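Participant: Provided below: target-v9.cif, containing mmCIF, C-alpha atoms.
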data_structure
loop_
_atom_site.label_atom_id
_atom_site.label_comp_id
_atom_site.auth_asym_id
_atom_site.auth_seq_id
_atom_site.Cartn_x
_atom_site.Cartn_y
_atom_site.Cartn_z
CA MET A 527 -5.34 -20.21 -19.67
CA THR A 528 -5.65 -19.59 -15.93
CA ILE A 529 -2.71 -19.04 -13.60
CA PRO A 530 -2.45 -21.32 -10.53
CA ARG A 531 -2.93 -19.46 -7.24
CA SER A 532 -1.18 -22.05 -5.05
CA GLY A 533 1.70 -24.38 -5.72
CA ASP A 534 4.46 -26.60 -4.37
CA ILE A 535 8.10 -25.60 -4.28
CA THR A 536 11.24 -26.16 -2.20
CA VAL A 537 13.86 -23.47 -1.70
CA LEU A 538 17.16 -24.91 -0.43
CA ASN A 539 20.11 -23.37 1.43
CA ALA A 540 18.87 -19.77 1.60
CA LEU A 541 19.79 -17.05 4.06
CA VAL A 542 16.35 -16.29 5.51
CA PHE A 543 14.99 -12.99 6.80
CA ASP A 544 11.83 -14.11 8.58
CA GLY A 545 10.08 -10.72 8.51
CA TRP A 546 11.30 -9.53 11.91
CA SER A 547 14.54 -11.01 13.27
CA GLU A 548 17.70 -9.02 12.66
CA ALA A 549 19.85 -12.11 12.20
CA LEU A 550 19.61 -14.09 8.99
CA THR A 551 19.48 -17.86 9.38
CA GLU A 552 20.50 -20.45 6.81
CA ALA A 553 17.53 -22.68 6.13
CA SER A 554 15.45 -24.42 3.52
CA VAL A 555 11.73 -23.86 2.98
CA ARG A 556 9.04 -26.17 1.65
CA VAL A 557 5.80 -24.70 0.36
CA HIS A 558 2.93 -27.15 -0.18
CA ASP A 559 -0.43 -26.12 -1.63
CA GLY A 560 0.54 -22.47 -1.26
CA THR A 561 1.50 -22.62 2.43
CA VAL A 562 4.87 -22.94 4.19
CA THR A 563 4.82 -26.44 5.70
CA GLU A 564 8.51 -27.04 6.52
CA LEU A 565 11.34 -24.73 7.54
CA GLY A 566 14.76 -25.82 8.73
CA ASP A 567 18.00 -27.60 7.90
CA SER A 568 16.28 -30.52 6.20
CA VAL A 569 12.98 -30.33 4.32
CA SER A 570 11.24 -32.56 1.82
CA ARG A 571 11.62 -31.82 -1.87
CA ALA A 572 8.82 -30.71 -4.13
CA ASP A 573 8.93 -31.33 -7.86
CA HIS A 574 10.13 -27.73 -8.27
CA VAL A 575 13.38 -27.07 -6.36
CA ILE A 576 15.46 -23.88 -6.23
CA ASP A 577 18.97 -24.03 -4.79
CA ALA A 578 19.34 -20.59 -3.21
CA ARG A 579 22.83 -20.95 -1.79
CA GLY A 580 24.40 -17.49 -1.54
CA ARG A 581 21.03 -15.77 -1.91
CA THR A 582 18.64 -14.24 0.63
CA LEU A 583 15.01 -15.21 1.06
CA LEU A 584 12.47 -12.67 2.36
CA PRO A 585 8.72 -12.73 2.87
CA GLY A 586 6.95 -11.33 -0.17
CA LEU A 587 6.76 -7.53 0.12
CA ILE A 588 3.50 -5.73 0.92
CA ASP A 589 2.62 -2.31 -0.53
CA ALA A 590 -0.12 -0.97 1.75
CA HIS A 591 -0.87 2.11 -0.37
CA PHE A 592 -1.30 1.09 -4.00
CA HIS A 593 -3.68 2.24 -6.74
CA ALA A 594 -4.43 -0.26 -9.50
CA TYR A 595 -6.65 2.28 -11.27
CA GLY A 596 -4.23 5.19 -10.75
CA ILE A 597 -3.46 5.60 -14.47
CA SER A 598 -2.91 9.37 -14.28
CA LEU A 599 -2.13 12.23 -11.92
CA HIS A 600 -5.27 13.99 -13.15
CA GLY A 601 -8.35 13.14 -11.12
CA VAL A 602 -10.96 13.68 -13.81
CA GLU A 603 -9.12 11.21 -16.08
CA TYR A 604 -8.98 8.29 -13.67
CA GLN A 605 -12.41 9.03 -12.22
CA THR A 606 -14.23 9.06 -15.56
CA SER A 607 -12.33 6.66 -17.84
CA PRO A 608 -14.27 3.51 -18.80
CA LEU A 609 -13.94 0.91 -16.06
CA SER A 610 -13.03 -1.74 -18.63
CA TYR A 611 -9.99 0.33 -19.64
CA LEU A 612 -9.01 0.98 -16.03
CA ALA A 613 -9.21 -2.73 -15.25
CA LEU A 614 -6.93 -3.66 -18.14
CA ALA A 615 -4.46 -0.90 -17.27
CA GLY A 616 -4.70 -1.88 -13.60
CA ALA A 617 -3.92 -5.50 -14.44
CA ARG A 618 -0.67 -4.37 -16.05
CA ARG A 619 0.22 -2.21 -13.04
CA LEU A 620 -0.44 -5.15 -10.73
CA ARG A 621 1.62 -7.56 -12.84
CA ARG A 622 4.60 -5.20 -12.75
CA ALA A 623 4.29 -4.80 -8.97
CA LEU A 624 4.35 -8.57 -8.56
CA ARG A 625 7.50 -8.87 -10.65
CA ARG A 626 9.21 -6.34 -8.38
CA GLY A 627 8.52 -8.58 -5.38
CA PHE A 628 5.27 -7.16 -4.02
CA THR A 629 3.14 -10.22 -3.44
CA THR A 630 0.36 -8.33 -1.62
CA VAL A 631 -1.06 -4.86 -2.23
CA ARG A 632 -3.74 -2.88 -0.42
CA ASP A 633 -5.59 -0.66 -2.89
CA VAL A 634 -6.75 2.31 -0.82
CA ALA A 635 -8.98 4.23 -3.25
CA GLY A 636 -10.33 2.05 -5.99
CA GLY A 637 -10.48 -1.55 -6.96
CA ASP A 638 -13.63 -3.61 -7.07
CA ILE A 639 -14.90 -7.15 -6.83
CA GLY A 640 -14.56 -7.75 -10.58
CA LEU A 641 -10.82 -7.13 -10.60
CA ALA A 642 -10.45 -9.10 -7.36
CA ARG A 643 -12.34 -12.08 -8.87
CA ALA A 644 -10.15 -12.02 -11.97
CA ILE A 645 -7.06 -12.20 -9.76
CA GLU A 646 -8.44 -14.83 -7.42
CA SER A 647 -9.51 -17.07 -10.30
CA GLY A 648 -6.07 -16.82 -11.88
CA LEU A 649 -7.07 -14.90 -15.00
CA ILE A 650 -4.23 -12.40 -14.49
CA PRO A 651 -0.89 -12.57 -12.67
CA ALA A 652 -1.10 -10.16 -9.75
CA PRO A 653 -0.26 -9.75 -6.08
CA ARG A 654 -2.71 -10.78 -3.40
CA TYR A 655 -5.25 -7.98 -3.74
CA LEU A 656 -7.11 -6.16 -0.95
CA TYR A 657 -9.22 -3.18 -1.94
CA THR A 658 -11.35 -0.47 -0.33
CA GLY A 659 -13.39 0.66 -3.32
CA PRO A 660 -13.59 4.41 -4.01
CA ALA A 661 -12.37 6.62 -1.19
CA LEU A 662 -14.93 8.79 0.59
CA SER A 663 -14.53 12.56 0.32
CA GLN A 664 -16.47 15.57 1.46
CA THR A 665 -17.55 18.12 -1.12
CA GLY A 666 -14.45 20.09 -2.06
CA GLY A 667 -12.22 17.57 -0.33
CA HIS A 668 -9.24 15.61 -1.55
CA GLY A 669 -11.42 13.12 -3.45
CA ASP A 670 -13.41 15.82 -5.24
CA ALA A 671 -11.67 16.09 -8.62
CA ARG A 672 -13.79 18.97 -9.95
CA PRO A 673 -11.81 22.14 -10.73
CA ALA A 674 -13.27 25.28 -9.19
CA ASP A 675 -13.87 26.86 -12.59
CA ARG A 676 -15.82 23.93 -14.07
CA ASP A 677 -19.53 23.43 -13.44
CA ILE A 678 -19.63 19.66 -13.78
CA CYS A 679 -21.23 16.83 -11.86
CA LEU A 680 -18.70 14.29 -10.57
CA HIS A 681 -19.97 12.95 -7.28
CA GLY A 682 -19.02 9.34 -7.99
CA GLY A 683 -15.93 7.91 -9.64
CA HIS A 684 -13.80 4.82 -9.76
CA MET A 685 -11.27 6.00 -7.15
CA GLY A 686 -13.23 8.54 -5.14
CA GLN A 687 -16.81 9.35 -4.24
CA VAL A 688 -18.14 12.60 -2.78
CA VAL A 689 -20.44 11.69 0.13
CA ASP A 690 -21.60 14.20 2.75
CA GLY A 691 -23.58 13.58 5.93
CA VAL A 692 -23.66 10.84 8.53
CA ASP A 693 -26.56 8.86 7.08
CA ASN A 694 -25.20 8.94 3.54
CA LEU A 695 -21.78 7.85 4.77
CA ARG A 696 -23.24 4.90 6.65
CA VAL A 697 -24.96 3.70 3.49
CA ALA A 698 -21.77 4.13 1.45
CA VAL A 699 -19.69 2.16 3.96
CA ARG A 700 -22.21 -0.67 4.12
CA ASP A 701 -22.32 -0.84 0.34
CA ARG A 702 -18.53 -1.11 0.11
CA PHE A 703 -18.54 -4.07 2.47
CA ARG A 704 -21.37 -5.61 0.44
CA HIS A 705 -18.99 -5.46 -2.53
CA GLY A 706 -16.16 -7.20 -0.66
CA ALA A 707 -14.07 -4.25 0.56
CA HIS A 708 -11.17 -5.10 2.87
CA ALA A 709 -11.37 -1.72 4.66
CA ILE A 710 -12.71 1.80 4.15
CA LYS A 711 -10.71 4.77 2.86
CA ILE A 712 -11.67 8.31 3.86
CA MET A 713 -10.12 11.69 3.07
CA THR A 714 -9.60 13.76 6.23
CA SER A 715 -7.24 16.42 4.89
CA GLY A 716 -6.40 18.12 1.63
CA GLY A 717 -4.03 16.58 -0.86
CA VAL A 718 -1.28 17.35 -3.34
CA VAL A 719 -3.17 16.66 -6.57
CA SER A 720 -6.68 17.78 -5.53
CA PRO A 721 -7.50 21.14 -7.13
CA THR A 722 -9.51 23.12 -4.57
CA ASP A 723 -8.40 22.29 -1.02
CA PRO A 724 -5.44 23.39 1.14
CA ILE A 725 -3.43 20.56 2.66
CA ARG A 726 -3.62 21.27 6.39
CA PRO A 727 -7.26 21.76 7.49
CA ALA A 728 -9.13 18.67 8.68
CA GLN A 729 -11.93 17.43 6.45
CA TYR A 730 -15.27 15.90 7.41
CA ALA A 731 -17.01 16.71 10.69
CA PRO A 732 -16.11 14.60 13.73
CA GLU A 733 -19.49 12.85 13.70
CA GLU A 734 -19.00 11.90 10.03
CA VAL A 735 -15.59 10.31 10.64
CA ALA A 736 -16.90 8.55 13.76
CA ALA A 737 -19.86 7.12 11.83
CA VAL A 738 -17.56 5.64 9.18
CA ALA A 739 -15.29 4.14 11.85
CA GLU A 740 -18.25 2.74 13.79
CA GLU A 741 -19.62 0.97 10.70
CA ALA A 742 -16.20 -0.45 9.82
CA THR A 743 -15.51 -1.64 13.37
CA ARG A 744 -18.87 -3.36 13.61
CA ARG A 745 -17.98 -5.20 10.41
CA GLY A 746 -14.66 -6.32 11.94
CA SER A 747 -12.68 -4.00 9.69
CA TYR A 748 -11.08 -0.56 10.01
CA VAL A 749 -10.67 2.87 8.39
CA ALA A 750 -7.62 4.23 6.56
CA ALA A 751 -7.48 8.03 6.36
CA HIS A 752 -5.58 10.26 3.97
CA ALA A 753 -4.21 12.86 6.40
CA TYR A 754 -1.14 15.12 6.31
CA SER A 755 -1.27 17.64 9.15
CA PRO A 756 -1.25 17.15 12.92
CA GLU A 757 -4.76 18.57 13.17
CA ALA A 758 -6.08 16.20 10.50
CA ILE A 759 -4.30 13.19 12.04
CA ARG A 760 -5.64 13.98 15.53
CA HIS A 761 -9.11 14.52 14.05
CA SER A 762 -8.86 11.07 12.45
CA VAL A 763 -7.52 8.94 15.31
CA ASP A 764 -9.72 10.66 17.91
CA ASN A 765 -12.71 9.52 15.87
CA GLY A 766 -11.68 5.90 15.35
CA VAL A 767 -9.36 5.80 12.33
CA ARG A 768 -6.74 3.02 12.53
CA SER A 769 -4.43 3.70 9.57
CA ILE A 770 -3.00 7.14 8.75
CA GLU A 771 -1.89 7.40 5.14
CA HIS A 772 1.01 9.76 4.33
CA GLY A 773 1.17 11.77 7.59
CA ASN A 774 4.03 13.91 6.28
CA LEU A 775 3.45 16.85 8.62
CA LEU A 776 3.27 14.71 11.78
CA ASP A 777 4.62 16.25 14.99
CA ALA A 778 5.81 14.58 18.20
CA PRO A 779 2.65 15.14 20.33
CA THR A 780 0.47 13.75 17.54
CA ALA A 781 2.78 10.75 17.14
CA ALA A 782 2.34 10.06 20.87
CA LEU A 783 -1.44 10.24 20.42
CA MET A 784 -1.25 7.73 17.56
CA THR A 785 0.63 5.32 19.81
CA GLU A 786 -1.96 5.78 22.55
CA ARG A 787 -4.80 5.08 20.10
CA GLY A 788 -3.06 2.10 18.47
CA ALA A 789 -2.94 3.77 15.05
CA PHE A 790 -0.53 2.86 12.25
CA LEU A 791 1.36 5.24 9.96
CA VAL A 792 1.70 4.29 6.29
CA PRO A 793 4.25 6.69 4.77
CA THR A 794 4.42 7.06 1.00
CA LEU A 795 7.79 8.72 0.49
CA ALA A 796 8.14 7.41 -3.06
CA ALA A 797 5.25 9.53 -4.33
CA TYR A 798 6.64 12.92 -3.28
CA ASP A 799 10.16 12.13 -4.42
CA ALA A 800 8.88 10.96 -7.80
CA MET A 801 6.59 13.98 -8.27
CA ASP A 802 9.43 16.33 -7.36
CA ARG A 803 11.88 14.73 -9.82
CA ARG A 804 9.47 13.85 -12.60
CA GLY A 805 6.56 16.28 -12.23
CA PRO A 806 7.06 18.15 -15.53
CA GLU A 807 7.64 14.86 -17.36
CA VAL A 808 4.28 13.44 -16.28
CA GLY A 809 2.29 16.68 -16.55
CA LEU A 810 1.87 17.40 -12.84
CA PRO A 811 -0.12 20.67 -12.55
CA GLY A 812 1.61 23.71 -11.11
CA TYR A 813 -0.64 23.87 -8.03
CA ALA A 814 0.26 20.24 -7.28
CA ARG A 815 4.00 20.91 -7.60
CA ASP A 816 3.65 23.77 -5.11
CA LYS A 817 1.77 21.61 -2.59
CA ASN A 818 4.19 18.73 -3.09
CA ARG A 819 7.09 20.93 -2.03
CA GLU A 820 5.23 21.64 1.23
CA VAL A 821 5.23 17.96 2.24
CA LEU A 822 8.29 16.56 0.42
CA ASP A 823 11.03 17.07 2.99
CA ALA A 824 8.70 16.62 5.96
CA GLY A 825 7.92 13.00 5.09
CA ARG A 826 11.27 11.67 6.28
CA ASN A 827 10.92 13.55 9.55
CA ALA A 828 7.47 12.04 10.08
CA VAL A 829 8.90 8.53 9.79
CA GLU A 830 11.59 9.35 12.35
CA LEU A 831 9.06 10.87 14.78
CA ALA A 832 6.71 7.91 14.41
CA HIS A 833 9.44 5.36 15.15
CA ALA A 834 10.65 7.39 18.13
CA ALA A 835 7.10 7.43 19.57
CA GLY A 836 6.55 3.71 19.04
CA VAL A 837 3.98 4.10 16.26
CA PRO A 838 3.86 0.97 14.06
CA VAL A 839 5.15 2.20 10.70
CA GLY A 840 4.06 0.39 7.55
CA PHE A 841 5.09 0.93 3.96
CA GLY A 842 3.24 2.30 0.92
CA THR A 843 4.02 4.01 -2.37
CA ASP A 844 0.93 5.87 -3.76
CA LEU A 845 2.46 6.14 -7.24
CA MET A 846 0.11 7.38 -9.93
CA GLY A 847 0.44 7.18 -13.70
CA ASP A 848 3.87 6.54 -15.14
CA LEU A 849 5.46 7.10 -11.72
CA GLU A 850 4.64 3.48 -10.83
CA ASP A 851 8.14 2.33 -11.81
CA ASP A 852 9.52 4.14 -8.73
CA GLN A 853 7.93 1.54 -6.43
CA LEU A 854 11.24 0.00 -5.36
CA THR A 855 12.72 3.47 -4.82
CA GLY A 856 10.26 3.81 -1.96
CA LEU A 857 12.14 1.09 -0.08
CA ARG A 858 15.41 2.99 -0.37
CA LEU A 859 13.80 6.24 0.79
CA GLN A 860 12.18 4.60 3.80
CA ALA A 861 15.40 2.80 4.75
CA GLU A 862 17.17 6.17 4.65
CA ALA A 863 14.49 7.64 6.93
CA SER A 864 14.75 4.80 9.46
CA SER A 865 17.02 1.81 8.89
CA LEU A 866 17.15 -1.12 6.53
CA LEU A 867 15.82 -3.48 9.21
CA ALA A 868 12.94 -1.13 10.07
CA CYS A 869 12.12 -0.74 6.38
CA LEU A 870 12.06 -4.51 5.81
CA ARG A 871 9.83 -4.98 8.85
CA SER A 872 7.52 -2.21 7.62
CA ALA A 873 7.10 -3.81 4.19
CA THR A 874 6.52 -7.29 5.63
CA ALA A 875 5.52 -8.04 9.23
CA VAL A 876 4.19 -4.58 10.19
CA ASN A 877 2.07 -4.26 7.07
CA ALA A 878 0.73 -7.78 7.65
CA ARG A 879 -0.32 -6.78 11.16
CA LEU A 880 -1.99 -3.66 9.77
CA LEU A 881 -3.95 -5.81 7.32
CA GLY A 882 -4.92 -8.26 10.04
CA ARG A 883 -3.23 -11.06 8.10
CA PRO A 884 -0.88 -13.13 10.31
CA ASP A 885 -0.44 -15.51 7.36
CA LEU A 886 1.42 -12.81 5.40
CA GLY A 887 4.68 -10.90 5.87
CA ARG A 888 6.59 -13.71 7.58
CA VAL A 889 8.63 -16.79 6.65
CA ARG A 890 7.31 -19.37 9.11
CA ILE A 891 5.27 -22.54 9.14
CA GLY A 892 1.63 -21.78 8.40
CA ALA A 893 2.34 -18.58 6.49
CA ARG A 894 1.40 -18.19 2.86
CA GLY A 895 4.13 -19.18 0.46
CA ASP A 896 4.77 -15.60 -0.70
CA LEU A 897 8.54 -15.23 -0.97
CA LEU A 898 11.19 -13.00 -2.52
CA LEU A 899 14.64 -14.34 -3.33
CA LEU A 900 17.41 -11.72 -3.72
CA ASP A 901 20.87 -12.25 -5.17
CA ALA A 902 22.58 -10.99 -1.97
CA SER A 903 21.88 -10.03 1.62
CA PRO A 904 20.31 -6.55 1.69
CA PHE A 905 22.04 -5.95 5.03
CA GLU A 906 25.40 -6.22 3.25
CA ASP A 907 24.32 -4.99 -0.18
CA PRO A 908 21.14 -2.88 0.18
CA ALA A 909 20.83 -2.27 -3.55
CA ALA A 910 19.90 -5.94 -3.92
CA LEU A 911 16.54 -4.96 -2.43
CA TRP A 912 15.70 -1.87 -4.48
CA ASP A 913 17.74 -1.94 -7.68
CA PRO A 914 15.30 -3.12 -10.39
CA ALA A 915 18.21 -4.34 -12.53
CA ARG A 916 19.31 -6.86 -9.91
CA PRO A 917 18.04 -10.42 -10.35
CA ARG A 918 15.18 -11.52 -8.11
CA THR A 919 12.85 -14.50 -7.96
CA VAL A 920 9.28 -13.87 -6.84
CA ILE A 921 7.14 -16.71 -5.49
CA SER A 922 3.44 -16.10 -4.92
CA GLY A 923 1.53 -18.79 -3.07
CA GLY A 924 4.23 -21.29 -3.94
CA VAL A 925 4.15 -20.41 -7.65
CA PRO A 926 7.10 -18.60 -9.30
CA ALA A 927 5.76 -15.33 -10.73
#
Now, as a test, write the supplied structure out as structure tokens.
Facilitator:
Amino acid sequence: MTIPRSGDITVLNALVFDGWSEALTEASVRVHDGTVTELGDSVSRADHVIDARGRTLLPGLIDAHFHAYGISLHGVEYQTSPLSYLALAGARRLRRALRRGFTTVRDVAGGDIGLARAIESGLIPAPRYLYTGPALSQTGGHGDARPADRDICLHGGHMGQVVDGVDNLRVAVRDRFRHGAHAIKIMTSGGVVSPTDPIRPAQYAPEEVAAVAEEATRRGSYVAAHAYSPEAIRHSVDNGVRSIEHGNLLDAPTAALMTERGAFLVPTLAAYDAMDRRGPEVGLPGYARDKNREVLDAGRNAVELAHAAGVPVGFGTDLMGDLEDDQLTGLRLQAEASSLLACLRSATAVNARLLGRPDLGRVRIGARGDLLLLDASPFEDPAALWDPARPRTVISGGVPA
């Protein structure tokens, strides 16, 4: 049995957050063939009608830093497991994300055209799925999962690929677009779970980053860079990167540079909080716990600095392995670092702008019928947004999930 990807539904009498406006408006919404066609006091009725009086309707949420194949916190495991297993496990992770209200995800390190085709053809229930393919890493960089004391060959994996040199990077980027990639992911600083690199120093030479960005721009796409420190963020945006992932160690001058260059910040506060609380439970290595402490508290400050500088701030989670069930917690953490309104904008309209998808992240005529119905206004009862025990109705392309 296949699952329909577009449908017809009418939602009546809802309090509507349109993805940007601070004020909620009472309105009804008609979705026809997967697209919002009517919005206002009086709309036509589809065969499927939901009376949402007393409830709040939002655009479907967007997680701009998701990993369908992120089954573990151990790089060798997710890089070398059979792709058939990863796809089945990834389908379950995607289904759970959809049920939480995330109707679009951007998979920045992994995913492939096979999984995307299965979703598009309705074989599995899942959010709208945009993927980069394996992230690009220099030798010994964040995407190089080889421990220093193991003489093994692991230059290509399902979530990361070690590629050095301008010419090799150009070929890798072109091949990702040949396979349907939405954007390109590159590692430009060390990371928490990578075994051999410190967090702060910039990775890849300037000409390597610039070559990746040039290829992506010529294709009409962009580059997302894993980067923590000011030096790595400057190195990235100076060489054409559009989306900074994590950015926990951001400082004010670097935030100003991001604004000047038109770069986005995609914080992933959920990941560090979850690793700090649940690290021993999920087998997080000791070196990773130490590096996580270095960036944990700084993440909130980075969000504040970015907003103050006018950087467009998106929303992502980056939750690996069993930590995936903290996805909604990320909304609470980001609201605490900014405001509820800013958080809602980040997870809807701002992320849609980052993705270059004006048809997502908003409740308006012409937008996709991706909607989330909460049991209360999150402005009055914020837990309605992030408490997984609270009732919610998810509509993806006009079809209840």
Participant: Any idea what's packed within 10 Å of segment 690-695 of chain A, counting all atoms listed in the file, ignoring anything in its chain fewer than 4 positions away? Could you give it as a ChimeraX atom specification?
Facilitator: /A:662-665,699-701,730-738,741
Participant: Report the distance between atom CA of Thr780 of chain A and atom CA of Glu548 of chain A in Å, rounded to one decimal place.
Facilitator: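 So the two atoms, atom CA of Thr780 of chain A and atom CA of Glu548 of chain A, lie 29.0 Å apart.
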Participant: Each residue of segment 778-868 of chain A lying at most 7 Å from segment 708-729 of chain A should get a row with its shortest atom-to-atom pair and the distance in Å to one decimal, counting all atoms listed in the file; could you produce that, ordered by chain and increasing number, as CSV?
Facilitator:
residue,atom,partner,partner_atom,distance
A:Ala814,CA,A:Val719,CA,5.0
A:Lys817,CA,A:Val718,CA,5.3
A:Asn818,CA,A:Val718,CA,5.6
Participant: Care to translate the PyMOL selection byres ((chain A and resi 629-643) around 6) into actual residues of this file, as a list in words?
Facilitator: Gly586, Leu587, Ile588, Asp589, Ala590, His591, Phe592, His593, Leu624, Gly627, Phe628, Ala644, Ile645, Glu646, Ser647, Pro653, Arg654, Tyr655, Leu656, Tyr657, Thr658, Gly659, Pro660, Ala661, His684, Met685 and Lys711 of chain A
Participant: Which residue, A:Asp852, A:Asp802, A:Asp907, A:Glu786, has the smallest gap to Pro838 of chain A when you use all atoms listed in the file?
Facilitator: A:Glu786
Participant: Measuring between all atoms listed in the file, which one of A:Asn877, A:Ser554, A:Thr606, A:Thr743 shows the shortest distance to Val767 of chain A?
Facilitator: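 Closest to Val767 of chain A, using all atoms listed in the file: A:Thr743.
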Participant: Looking at A:Ala540, A:Cys869, A:Met801, A:Ala796, which one is nearest to Thr582 of chain A, with distances taken over all atoms listed in the file?
Facilitator: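 Looking at the shortest contact to Thr582 of chain A, the residue is A:Ala540.
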Participant: For the provided coordinates, the residues matched by the PyMOL selection byres ((chain A and resi 826-828) around 6) should be stated as a PyMOL selection string.
Facilitator: chain A and resi 774+776+824-825+829-831+863
Participant: I would like the residues chosen by the PyMOL selection byres ((chain A and resi 918) around 6) on the shown file; could you give them as a list in words?
Facilitator: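 Here the PyMOL selection byres ((chain A and resi 918) around 6) matches Leu899, Leu900, Pro917 and Thr919 of chain A.
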Participant: Go ahead and compute the interatomic distance for atom CA of Asp823 of chain A and atom CA of Leu866 of chain A, in Å to one decimal.
Facilitator: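 The value is 19.5 Å.
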Participant: If we count all atoms listed in the file, what is near Ala868 of chain A at a cut-off of 12 Å, once residues fewer than 2 positions away on the same chain are taken out, given as an mmCIF file with C-alpha atoms, keeping the file's coordinate frame?
Facilitator:
data_model
loop_
_atom_site.group_PDB
_atom_site.id
_atom_site.type_symbol
_atom_site.label_atom_id
_atom_site.label_comp_id
_atom_site.auth_asym_id
_atom_site.auth_seq_id
_atom_site.Cartn_x
_atom_site.Cartn_y
_atom_site.Cartn_z
ATOM 1 C CA GLY A 545 10.080 -10.720 8.510
ATOM 2 C CA TRP A 546 11.300 -9.530 11.910
ATOM 3 C CA SER A 547 14.540 -11.010 13.270
ATOM 4 C CA GLU A 548 17.700 -9.020 12.660
ATOM 5 C CA VAL A 829 8.900 8.530 9.790
ATOM 6 C CA GLU A 830 11.590 9.350 12.350
ATOM 7 C CA ALA A 832 6.710 7.910 14.410
ATOM 8 C CA HIS A 833 9.440 5.360 15.150
ATOM 9 C CA ALA A 834 10.650 7.390 18.130
ATOM 10 C CA PRO A 838 3.860 0.970 14.060
ATOM 11 C CA VAL A 839 5.150 2.200 10.700
ATOM 12 C CA GLY A 840 4.060 0.390 7.550
ATOM 13 C CA PHE A 841 5.090 0.930 3.960
ATOM 14 C CA LEU A 857 12.140 1.090 -0.080
ATOM 15 C CA ARG A 858 15.410 2.990 -0.370
ATOM 16 C CA LEU A 859 13.800 6.240 0.790
ATOM 17 C CA GLN A 860 12.180 4.600 3.800
ATOM 18 C CA ALA A 861 15.400 2.800 4.750
ATOM 19 C CA GLU A 862 17.170 6.170 4.650
ATOM 20 C CA ALA A 863 14.490 7.640 6.930
ATOM 21 C CA SER A 864 14.750 4.800 9.460
ATOM 22 C CA SER A 865 17.020 1.810 8.890
ATOM 23 C CA LEU A 866 17.150 -1.120 6.530
ATOM 24 C CA LEU A 870 12.060 -4.510 5.810
ATOM 25 C CA ARG A 871 9.830 -4.980 8.850
ATOM 26 C CA SER A 872 7.520 -2.210 7.620
ATOM 27 C CA ALA A 873 7.100 -3.810 4.190
ATOM 28 C CA THR A 874 6.520 -7.290 5.630
ATOM 29 C CA ALA A 875 5.520 -8.040 9.230
ATOM 30 C CA VAL A 876 4.190 -4.580 10.190
ATOM 31 C CA ASN A 877 2.070 -4.260 7.070
ATOM 32 C CA PHE A 905 22.040 -5.950 5.030
#
Participant: Between atom CA of Ala623 of chain A and atom CA of Val925 of chain A, what distance in Å does the model show, to one decimal?
Facilitator: 15.7 Å
Participant: Using all atoms listed in the file, can you tell me which of A:Met846, A:Asp901, A:Arg625, A:Ala927 comes closest to Gly580 of chain A?
Facilitator: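 For Gly580 of chain A, the nearest of the candidates is A:Asp901.
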Participant: I'd like the contact shell of Asp764 of chain A - 9 Å cut-off, only C-alpha atoms, skipping same-chain residues fewer than 2 positions apart - returned as a PDB file with C-alpha atoms, in the frame of the given file.
Facilitator:
ATOM      1  CA  PRO A 732     -16.110  14.600  13.730  1.00  0.00           C
ATOM      2  CA  ALA A 736     -16.900   8.550  13.760  1.00  0.00           C
ATOM      3  CA  ILE A 759      -4.300  13.190  12.040  1.00  0.00           C
ATOM      4  CA  ARG A 760      -5.640  13.980  15.530  1.00  0.00           C
ATOM      5  CA  HIS A 761      -9.110  14.520  14.050  1.00  0.00           C
ATOM      6  CA  SER A 762      -8.860  11.070  12.450  1.00  0.00           C
ATOM      7  CA  GLY A 766     -11.680   5.900  15.350  1.00  0.00           C
ATOM      8  CA  VAL A 767      -9.360   5.800  12.330  1.00  0.00           C
ATOM      9  CA  LEU A 783      -1.440  10.240  20.420  1.00  0.00           C
ATOM     10  CA  MET A 784      -1.250   7.730  17.560  1.00  0.00           C
ATOM     11  CA  ARG A 787      -4.800   5.080  20.100  1.00  0.00           C
TER      12      ARG A 787
END
Participant: Between A:Val821, A:Leu886, A:Ala782, A:Ile597, which is the closest to Thr561 of chain A once you count only C-alpha atoms?
Facilitator: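 Ranking A:Val821, A:Leu886, A:Ala782, A:Ile597 by distance to Thr561 of chain A, first place goes to A:Leu886.
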Participant: Might you pull out every residue within 12 Å of Ser607 of chain A, with only C-alpha atoms counted and same-chain residues fewer than 3 positions away left off, and present them as a list in words?
Facilitator: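 The contact residues come out as Tyr595, Gly596, Ile597, Ser598, His600, Gly601, Val602, Glu603, Tyr604, Ser610, Tyr611, Leu612, Ala613, Leu614, Ala615, Gly683, His684 and Met685 of chain A.
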